[in-house]
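So this block is query18.cif, mmCIF, C-alpha atoms:
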```
data_model
loop_
_atom_site.group_PDB
_atom_site.id
_atom_site.type_symbol
_atom_site.label_atom_id
_atom_site.label_comp_id
_atom_site.auth_asym_id
_atom_site.auth_seq_id
_atom_site.Cartn_x
_atom_site.Cartn_y
_atom_site.Cartn_z
ATOM 1 C CA MET O 709 38.882 -3.750 79.002
ATOM 2 C CA LYS O 710 38.157 -1.772 75.851
ATOM 3 C CA ARG O 711 34.679 -0.278 75.850
ATOM 4 C CA LYS O 712 32.503 -1.599 73.052
ATOM 5 C CA GLU O 713 31.945 1.097 70.463
ATOM 6 C CA ILE O 714 28.414 1.942 69.389
ATOM 7 C CA ASP O 715 27.052 3.759 66.378
ATOM 8 C CA VAL O 716 25.607 6.810 68.138
ATOM 9 C CA PRO O 717 24.155 8.431 64.975
ATOM 10 C CA ALA O 718 22.316 5.186 64.171
ATOM 11 C CA GLN O 719 20.739 5.115 67.646
ATOM 12 C CA VAL O 720 19.742 8.769 67.364
ATOM 13 C CA ASP O 721 18.254 8.170 63.911
ATOM 14 C CA ALA O 722 16.217 5.298 65.369
ATOM 15 C CA LEU O 723 14.806 7.653 68.000
ATOM 16 C CA LYS O 724 14.071 10.382 65.466
ATOM 17 C CA GLY O 725 12.668 8.173 62.744
ATOM 18 C CA SER O 726 9.408 6.345 62.216
ATOM 19 C CA THR O 727 10.599 3.200 63.957
ATOM 20 C CA THR O 728 8.595 0.961 66.270
ATOM 21 C CA GLN O 729 8.410 1.690 69.979
ATOM 22 C CA ARG O 730 10.468 -1.437 70.621
ATOM 23 C CA GLU O 731 13.223 -0.120 68.349
ATOM 24 C CA LYS O 732 13.096 3.294 70.036
ATOM 25 C CA ASP O 733 13.343 1.675 73.466
ATOM 26 C CA ALA O 734 16.297 -0.407 72.318
ATOM 27 C CA ALA O 735 18.080 2.676 70.967
ATOM 28 C CA SER O 736 17.426 4.556 74.219
ATOM 29 C CA ASN O 737 18.864 1.685 76.236
ATOM 30 C CA VAL O 738 22.012 1.611 74.122
ATOM 31 C CA LEU O 739 22.618 5.349 74.626
ATOM 32 C CA VAL O 740 21.964 5.112 78.362
ATOM 33 C CA GLN O 741 24.356 2.189 78.746
ATOM 34 C CA ARG O 742 27.050 4.064 76.840
ATOM 35 C CA PHE O 743 26.813 7.480 78.500
ATOM 36 C CA ASN O 744 25.070 6.952 81.846
ATOM 37 C CA ASP O 745 28.158 6.527 84.033
ATOM 38 C CA SER O 746 30.035 9.537 82.671
ATOM 39 C CA LEU O 747 26.855 11.650 82.824
ATOM 40 C CA PHE O 748 26.219 10.651 86.437
ATOM 41 C CA TYR O 749 29.735 11.532 87.596
ATOM 42 C CA PHE O 750 29.561 14.826 85.721
ATOM 43 C CA ILE O 751 26.318 15.691 87.536
ATOM 44 C CA LEU O 752 27.682 14.481 90.877
ATOM 45 C CA LYS O 753 30.669 16.822 90.581
ATOM 46 C CA MET O 754 28.316 19.743 90.076
ATOM 47 C CA VAL O 755 25.762 19.032 92.814
ATOM 48 C CA ARG O 756 28.011 17.132 95.282
ATOM 49 C CA ASN O 757 25.142 15.057 96.600
ATOM 50 C CA GLN O 758 24.534 11.502 95.399
ATOM 51 C CA GLU O 759 20.779 11.454 95.960
ATOM 52 C CA ASP O 760 20.324 14.751 94.122
ATOM 53 C CA ALA O 761 22.626 13.543 91.351
ATOM 54 C CA GLU O 762 20.575 10.373 90.866
ATOM 55 C CA ASP O 763 17.349 12.381 90.619
ATOM 56 C CA ILE O 764 18.850 14.880 88.200
ATOM 57 C CA LEU O 765 20.311 12.058 86.113
ATOM 58 C CA GLN O 766 16.841 10.705 85.378
ATOM 59 C CA GLN O 767 15.509 14.192 84.660
ATOM 60 C CA VAL O 768 18.335 14.928 82.221
ATOM 61 C CA TRP O 769 17.790 11.690 80.314
ATOM 62 C CA ALA O 770 14.083 12.490 80.081
ATOM 63 C CA LYS O 771 14.873 15.944 78.685
ATOM 64 C CA ALA O 772 17.411 14.534 76.252
ATOM 65 C CA PHE O 773 14.988 12.002 74.802
ATOM 66 C CA ASN O 774 12.198 14.592 74.618
ATOM 67 C CA ARG O 775 14.521 16.916 72.697
ATOM 68 C CA ILE O 776 16.293 14.307 70.595
ATOM 69 C CA SER O 777 15.002 15.963 67.411
ATOM 70 C CA GLN O 778 17.141 19.010 68.311
ATOM 71 C CA TYR O 779 20.383 17.047 68.343
ATOM 72 C CA LYS O 780 22.644 17.727 65.367
ATOM 73 C CA PRO O 781 25.486 15.327 64.511
ATOM 74 C CA THR O 782 27.862 18.269 64.036
ATOM 75 C CA HIS O 783 28.307 18.069 67.816
ATOM 76 C CA ALA O 784 29.388 15.054 69.817
ATOM 77 C CA PHE O 785 26.368 13.472 71.488
ATOM 78 C CA SER O 786 28.104 13.642 74.865
ATOM 79 C CA THR O 787 28.694 17.399 74.427
ATOM 80 C CA TRP O 788 25.006 17.939 73.714
ATOM 81 C CA LEU O 789 23.997 15.687 76.626
ATOM 82 C CA PHE O 790 26.273 17.387 79.165
ATOM 83 C CA LYS O 791 25.042 20.814 78.072
ATOM 84 C CA ILE O 792 21.481 19.730 78.815
ATOM 85 C CA ALA O 793 22.677 18.602 82.255
ATOM 86 C CA THR O 794 24.449 21.915 82.876
ATOM 87 C CA HIS O 795 21.389 23.995 81.957
ATOM 88 C CA HIS O 796 19.123 21.760 84.033
ATOM 89 C CA ILE O 797 21.330 22.073 87.116
ATOM 90 C CA ILE O 798 21.497 25.842 86.696
ATOM 91 C CA ASP O 799 17.674 25.921 86.593
ATOM 92 C CA VAL O 800 17.473 23.720 89.700
ATOM 93 C CA ASN O 801 19.869 25.956 91.625
ATOM 94 C CA ARG O 802 18.063 29.090 90.484
ATOM 95 C CA LYS O 803 14.835 27.680 91.918
ATOM 96 C CA ARG O 804 16.585 26.762 95.171
ATOM 97 C CA THR O 805 17.927 30.291 95.411
ATOM 98 C CA LEU O 806 14.405 31.690 95.089
ATOM 99 C CA ASP O 807 13.207 29.235 97.746
ATOM 100 C CA VAL O 808 15.915 30.375 100.157
ATOM 101 C CA ILE O 809 15.098 34.030 99.480
ATOM 102 C CA SER O 810 11.431 33.333 100.259
ATOM 103 C CA LEU O 811 12.473 31.923 103.634
ATOM 104 C CA ASP O 812 14.122 35.249 104.427
ATOM 105 C CA THR O 813 10.831 37.204 104.340
ATOM 106 C CA PRO O 814 9.437 38.331 107.723
ATOM 107 C CA LEU O 815 6.770 36.152 109.321
ATOM 108 C CA THR O 816 3.687 37.757 110.835
ATOM 109 C CA THR O 817 3.653 35.468 113.866
ATOM 110 C CA GLU O 818 6.316 34.977 116.501
ATOM 111 C CA PRO O 819 7.223 31.432 117.578
ATOM 112 C CA SER O 820 6.030 30.207 120.940
ATOM 113 C CA GLU O 821 8.511 29.557 123.739
ATOM 114 C CA GLU O 822 8.386 25.863 122.868
ATOM 115 C CA ASP O 823 9.611 26.601 119.340
ATOM 116 C CA GLY O 824 12.939 27.848 120.639
ATOM 117 C CA LEU O 825 14.034 29.505 117.346
ATOM 118 C CA ARG O 826 12.896 32.789 115.883
ATOM 119 C CA PRO O 827 12.066 32.782 112.138
ATOM 120 C CA ARG O 828 15.402 34.372 111.141
ATOM 121 C CA ALA O 829 17.394 31.832 113.143
ATOM 122 C CA LEU O 830 15.330 29.016 111.667
ATOM 123 C CA MET O 831 16.004 30.241 108.145
ATOM 124 C CA MET O 832 19.745 30.423 108.829
ATOM 125 C CA SER O 833 19.862 26.962 110.380
ATOM 126 C CA MET O 834 18.108 25.516 107.327
ATOM 127 C CA ALA O 835 20.356 27.335 104.876
ATOM 128 C CA ASP O 836 23.519 26.234 106.682
ATOM 129 C CA ASP O 837 22.759 22.601 105.881
ATOM 130 C CA THR O 838 22.977 23.175 102.130
ATOM 131 C CA PRO O 839 25.629 24.683 99.800
ATOM 132 C CA ASP O 840 25.462 28.457 99.393
ATOM 133 C CA PRO O 841 23.063 28.896 96.432
ATOM 134 C CA GLU O 842 24.809 32.055 95.246
ATOM 135 C CA GLU O 843 28.195 30.340 95.206
ATOM 136 C CA GLN O 844 26.694 27.344 93.407
ATOM 137 C CA MET O 845 25.121 29.587 90.773
ATOM 138 C CA GLN O 846 28.453 31.345 90.218
ATOM 139 C CA LEU O 847 30.142 27.975 89.794
ATOM 140 C CA ASN O 848 27.496 26.858 87.329
ATOM 141 C CA ALA O 849 27.800 30.135 85.424
ATOM 142 C CA ARG O 850 31.535 29.512 84.991
ATOM 143 C CA LYS O 851 30.807 25.995 83.758
ATOM 144 C CA GLU O 852 28.249 27.321 81.317
ATOM 145 C CA MET O 853 30.845 29.786 80.040
ATOM 146 C CA CYS O 854 33.283 26.902 79.550
ATOM 147 C CA TRP O 855 30.663 25.115 77.449
ATOM 148 C CA GLU O 856 30.366 28.213 75.308
ATOM 149 C CA LEU O 857 34.140 28.199 74.789
ATOM 150 C CA ILE O 858 34.085 24.490 73.921
ATOM 151 C CA GLU O 859 31.361 25.152 71.336
ATOM 152 C CA MET O 860 33.713 27.593 69.574
ATOM 153 C CA LEU O 861 36.193 24.794 68.828
ATOM 154 C CA ASN O 862 36.068 22.757 65.654
ATOM 155 C CA THR O 863 34.478 19.318 65.887
ATOM 156 C CA LYS O 864 37.762 17.407 66.216
ATOM 157 C CA LEU O 865 39.133 19.523 69.055
ATOM 158 C CA LYS O 866 35.752 19.675 70.765
ATOM 159 C CA GLU O 867 35.571 15.883 70.870
ATOM 160 C CA LEU O 868 39.020 15.639 72.477
ATOM 161 C CA VAL O 869 38.145 18.209 75.158
ATOM 162 C CA VAL O 870 34.944 16.352 76.052
ATOM 163 C CA LEU O 871 36.719 12.997 76.200
ATOM 164 C CA ARG O 872 39.530 14.346 78.366
ATOM 165 C CA TYR O 873 37.831 16.803 80.711
ATOM 166 C CA ILE O 874 34.211 15.641 80.779
ATOM 167 C CA GLU O 875 34.432 11.884 80.355
ATOM 168 C CA GLN O 876 37.890 12.044 82.003
ATOM 169 C CA LEU O 877 39.547 9.458 79.799
ATOM 170 C CA SER O 878 43.313 9.034 79.915
ATOM 171 C CA TYR O 879 45.437 10.130 76.964
ATOM 172 C CA ASP O 880 45.927 6.480 76.023
ATOM 173 C CA GLU O 881 42.171 5.828 76.132
ATOM 174 C CA ILE O 882 41.504 8.878 73.954
ATOM 175 C CA ALA O 883 44.122 7.761 71.449
ATOM 176 C CA GLU O 884 42.484 4.352 71.286
ATOM 177 C CA ARG O 885 38.962 5.780 71.047
ATOM 178 C CA THR O 886 39.830 8.218 68.264
ATOM 179 C CA ASN O 887 42.416 6.080 66.458
ATOM 180 C CA GLN O 888 45.000 8.849 66.736
ATOM 181 C CA PRO O 889 48.671 8.636 67.802
ATOM 182 C CA LEU O 890 49.240 9.546 71.446
ATOM 183 C CA GLY O 891 51.411 12.527 70.492
ATOM 184 C CA THR O 892 48.695 13.860 68.209
ATOM 185 C CA VAL O 893 46.122 13.623 70.999
ATOM 186 C CA LYS O 894 48.338 15.540 73.432
ATOM 187 C CA GLY O 895 49.234 18.144 70.831
ATOM 188 C CA ASN O 896 45.644 18.729 69.791
ATOM 189 C CA LEU O 897 44.482 18.989 73.406
ATOM 190 C CA TYR O 898 47.152 21.629 73.994
ATOM 191 C CA ARG O 899 45.914 23.489 70.910
ATOM 192 C CA ALA O 900 42.338 23.248 72.158
ATOM 193 C CA LYS O 901 43.248 24.792 75.529
ATOM 194 C CA GLU O 902 45.207 27.548 73.785
ATOM 195 C CA LYS O 903 42.230 28.344 71.570
ATOM 196 C CA MET O 904 39.813 28.365 74.502
ATOM 197 C CA ALA O 905 42.085 30.731 76.410
ATOM 198 C CA ALA O 906 42.270 32.997 73.349
ATOM 199 C CA PHE O 907 38.475 32.940 72.961
ATOM 200 C CA ALA O 908 38.143 33.854 76.644
ATOM 201 C CA MET O 909 40.521 36.804 76.217
ATOM 202 C CA ASP O 910 38.634 37.982 73.139
ATOM 203 C CA TYR O 911 35.456 38.093 75.207
ATOM 204 C CA ASN O 912 37.199 39.622 78.251
ATOM 205 C CA LEU O 913 36.632 36.445 80.263
ATOM 206 C CA GLN O 914 40.238 35.924 81.417
ATOM 207 C CA GLU O 915 39.396 36.152 85.118
ATOM 208 C CA GLN O 916 36.543 33.654 84.992
ATOM 209 C CA TYR O 917 38.480 31.275 82.699
#
```
Any chance you could give the structure as structure tokens?
Amino acid sequence: MKRKEIDVPAQVDALKGSTTQREKDAASNVLVQRFNDSLFYFILKMVRNQEDAEDILQQVWAKAFNRISQYKPTHAFSTWLFKIATHHIIDVNRKRTLDVISLDTPLTTEPSEEDGLRPRALMMSMADDTPDPEEQMQLNARKEMCWELIEMLNTKLKELVVLRYIEQLSYDEIAERTNQPLGTVKGNLYRAKEKMAAFAMDYNLQEQY
């Protein structure tokens, strides 16, 4: 079934303008209904934990609505929204890294015989139950770099990249969404990837990209 199109700029203007609270709430609901699923799956791919993803989802929406005045229509709303999510997740993982490091500091007291584990062993057993924070931060850094490359594209190509690789629409769905021939969509996506690769080489980012 074809997804019902919404006028995103109109909803954003309602949130920015001197409208009633009821109108602002209605605009917020429209944006959430339109982008919530794709935002959730984007977050889930980054954190790989459904409970964490659900918590972060709410936090990202809160940040987005608090910063709605910063949104500029020169960027697709979804691009702006997913960048907020990326930065938020990087901040969350940075804090977790600091928490893990704090667990690695020596303790002044030794555990009793009933405790069974020494502090170092306890720290390792706790860390083993979660993804390696350093690896997660490296992954997030690469994703942040990809966002920077996407931002270098013109608006038309940027929209196609977001629809294909972030919202994960099929070529046919993108063609329908953008009212472009299928061949044009495929050709422009190829151009977008070529440009991103060239940008990466210009900035000596070939290995990361």
Would you place a box with edges along x, y and z of the file around all atoms of stretch 857-873 of chain O listed there, add 6 Å to each of its six sides, and report the centre and edge lengths in Å to one decimal, as JSON?
```
{"center_x": 35.4, "center_y": 20.6, "center_z": 73.2, "size_x": 20.2, "size_y": 27.2, "size_z": 27.1}
```
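The residues returned by the PyMOL selection byres ((chain O and resi 752) around 12) on the shown structure are Asp745, Ser746, Leu747, Phe748, Tyr749, Phe750, Ile751, Lys753, Met754, Val755, Arg756, Asn757, Gln758, Glu759, Asp760, Ala761, Glu762, Asp763, Ile764, Leu765, Ala793, Thr794 and Ile797 of chain O.
Remark: for O:Tyr873, the closest of the candidate residues O:Lys780, O:Pro889, O:Gly895, O:Phe790 is O:Phe790 (distances computed over only C-alpha atoms).
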note = Across O:Ser726, O:Asn896, O:Ser786, O:Gln888, the smallest distance to O:Ala772, with all atoms listed in the file counted, is shown by O:Ser786
inquiry  = Under the PyMOL selection byres ((chain O and resi 736) around 9), which residues of this model are included? Write them out as number ranges by chain.
reply    = O: 719-720, 722-723, 731-735, 737-741, 773
Among the residues O:Thr782, O:Ala905, O:Ser777, O:Lys771, the one that comes closest to O:Met853 [using only C-alpha atoms] = O:Ala905
request  = Would you work out the distance separating atom CA of O:Asn862 from atom CA of O:Arg885, expressed in Å to one decimal?
outcome  = 18.0 Å
request  = For O:Leu871, list every protein, DNA or RNA residue within 10 Å, evaluated using all atoms listed in the file, and leave out those in the same chain fewer than 2 positions away; present the list as a list in words.
outcome  = Ser746, Ala784, Ser786, Thr787, Leu865, Lys866, Glu867, Leu868, Val869, Tyr873, Ile874, Glu875, Gln876, Leu877, Ser878, Tyr879, Glu881, Ile882, Arg885 and Thr886 of chain O
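The spacing separating atom CA of O:Leu897 from atom CA of O:Glu859 amounts to 14.6 Å.
The closest residue to O:Phe743, picked from O:Leu789, O:Ile776, O:Val768, O:Ala906 and counting only C-alpha atoms, is O:Leu789.
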task = Please identify all polymer residues lying at most 6 Å from the point (27.9, 2.3, 73.8) (file coordinates), using all atoms listed in the file, and present the result as a PyMOL selection string.
result = chain O and resi 713-714+738+742
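The space separating atom CA of O:Ala770 from atom CA of O:Ile798 comes to 16.6 Å.
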Minimum-distance residue to O:Ala908, chosen among O:Asp880, O:Lys894, O:Leu857, O:Gln729 (using only C-alpha atoms) = O:Leu857
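In terms of minimum interatomic distance to O:Glu902, O:Leu861 ranks closest within O:Ala718, O:Glu884, O:Val870, O:Leu861, counting only C-alpha atoms.
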Missing atoms in stretch 863-881 of chain O: fill them in up to N, CA and C atoms and send the result as a PDB file, in the frame of the given file.
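Resulting contents of rebuild.pdb:
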```
ATOM      1  N   THR O 863      35.029  20.588  65.407  1.00  0.00           N
ATOM      2  CA  THR O 863      34.478  19.318  65.887  1.00  0.00           C
ATOM      3  C   THR O 863      35.551  18.394  66.447  1.00  0.00           C
ATOM      4  N   LYS O 864      36.702  18.319  65.787  1.00  0.00           N
ATOM      5  CA  LYS O 864      37.762  17.407  66.216  1.00  0.00           C
ATOM      6  C   LYS O 864      38.310  17.791  67.585  1.00  0.00           C
ATOM      7  N   LEU O 865      38.597  19.070  67.767  1.00  0.00           N
ATOM      8  CA  LEU O 865      39.133  19.523  69.055  1.00  0.00           C
ATOM      9  C   LEU O 865      38.082  19.433  70.152  1.00  0.00           C
ATOM     10  N   LYS O 866      36.852  19.735  69.788  1.00  0.00           N
ATOM     11  CA  LYS O 866      35.752  19.675  70.765  1.00  0.00           C
ATOM     12  C   LYS O 866      35.609  18.255  71.320  1.00  0.00           C
ATOM     13  N   GLU O 867      35.698  17.271  70.431  1.00  0.00           N
ATOM     14  CA  GLU O 867      35.571  15.883  70.870  1.00  0.00           C
ATOM     15  C   GLU O 867      36.671  15.520  71.857  1.00  0.00           C
ATOM     16  N   LEU O 868      37.905  15.955  71.587  1.00  0.00           N
ATOM     17  CA  LEU O 868      39.020  15.639  72.477  1.00  0.00           C
ATOM     18  C   LEU O 868      38.829  16.266  73.855  1.00  0.00           C
ATOM     19  N   VAL O 869      38.366  17.522  73.881  1.00  0.00           N
ATOM     20  CA  VAL O 869      38.145  18.209  75.158  1.00  0.00           C
ATOM     21  C   VAL O 869      37.089  17.485  75.975  1.00  0.00           C
ATOM     22  N   VAL O 870      36.007  17.065  75.344  1.00  0.00           N
ATOM     23  CA  VAL O 870      34.944  16.352  76.052  1.00  0.00           C
ATOM     24  C   VAL O 870      35.457  15.021  76.585  1.00  0.00           C
ATOM     25  N   LEU O 871      36.204  14.293  75.758  1.00  0.00           N
ATOM     26  CA  LEU O 871      36.719  12.997  76.200  1.00  0.00           C
ATOM     27  C   LEU O 871      37.685  13.142  77.369  1.00  0.00           C
ATOM     28  N   ARG O 872      38.511  14.170  77.322  1.00  0.00           N
ATOM     29  CA  ARG O 872      39.530  14.346  78.366  1.00  0.00           C
ATOM     30  C   ARG O 872      38.967  14.948  79.648  1.00  0.00           C
ATOM     31  N   TYR O 873      38.206  16.039  79.530  1.00  0.00           N
ATOM     32  CA  TYR O 873      37.831  16.803  80.711  1.00  0.00           C
ATOM     33  C   TYR O 873      36.407  16.556  81.191  1.00  0.00           C
ATOM     34  N   ILE O 874      35.563  15.970  80.352  1.00  0.00           N
ATOM     35  CA  ILE O 874      34.211  15.641  80.779  1.00  0.00           C
ATOM     36  C   ILE O 874      34.096  14.159  81.087  1.00  0.00           C
ATOM     37  N   GLU O 875      34.464  13.325  80.103  1.00  0.00           N
ATOM     38  CA  GLU O 875      34.432  11.884  80.355  1.00  0.00           C
ATOM     39  C   GLU O 875      35.658  11.418  81.131  1.00  0.00           C
ATOM     40  N   GLN O 876      36.691  12.287  81.203  1.00  0.00           N
ATOM     41  CA  GLN O 876      37.890  12.044  82.003  1.00  0.00           C
ATOM     42  C   GLN O 876      38.618  10.758  81.596  1.00  0.00           C
ATOM     43  N   LEU O 877      38.756  10.569  80.301  1.00  0.00           N
ATOM     44  CA  LEU O 877      39.547   9.458  79.799  1.00  0.00           C
ATOM     45  C   LEU O 877      41.028   9.820  79.853  1.00  0.00           C
ATOM     46  N   SER O 878      41.875   8.808  79.960  1.00  0.00           N
ATOM     47  CA  SER O 878      43.313   9.034  79.915  1.00  0.00           C
ATOM     48  C   SER O 878      43.726   9.340  78.480  1.00  0.00           C
ATOM     49  N   TYR O 879      44.947   9.860  78.309  1.00  0.00           N
ATOM     50  CA  TYR O 879      45.437  10.130  76.964  1.00  0.00           C
ATOM     51  C   TYR O 879      45.455   8.851  76.132  1.00  0.00           C
ATOM     52  N   ASP O 880      45.880   7.753  76.742  1.00  0.00           N
ATOM     53  CA  ASP O 880      45.927   6.480  76.023  1.00  0.00           C
ATOM     54  C   ASP O 880      44.524   6.038  75.585  1.00  0.00           C
ATOM     55  N   GLU O 881      43.544   6.215  76.475  1.00  0.00           N
ATOM     56  CA  GLU O 881      42.171   5.828  76.132  1.00  0.00           C
ATOM     57  C   GLU O 881      41.621   6.693  75.002  1.00  0.00           C
TER      58      GLU O 881
END
```
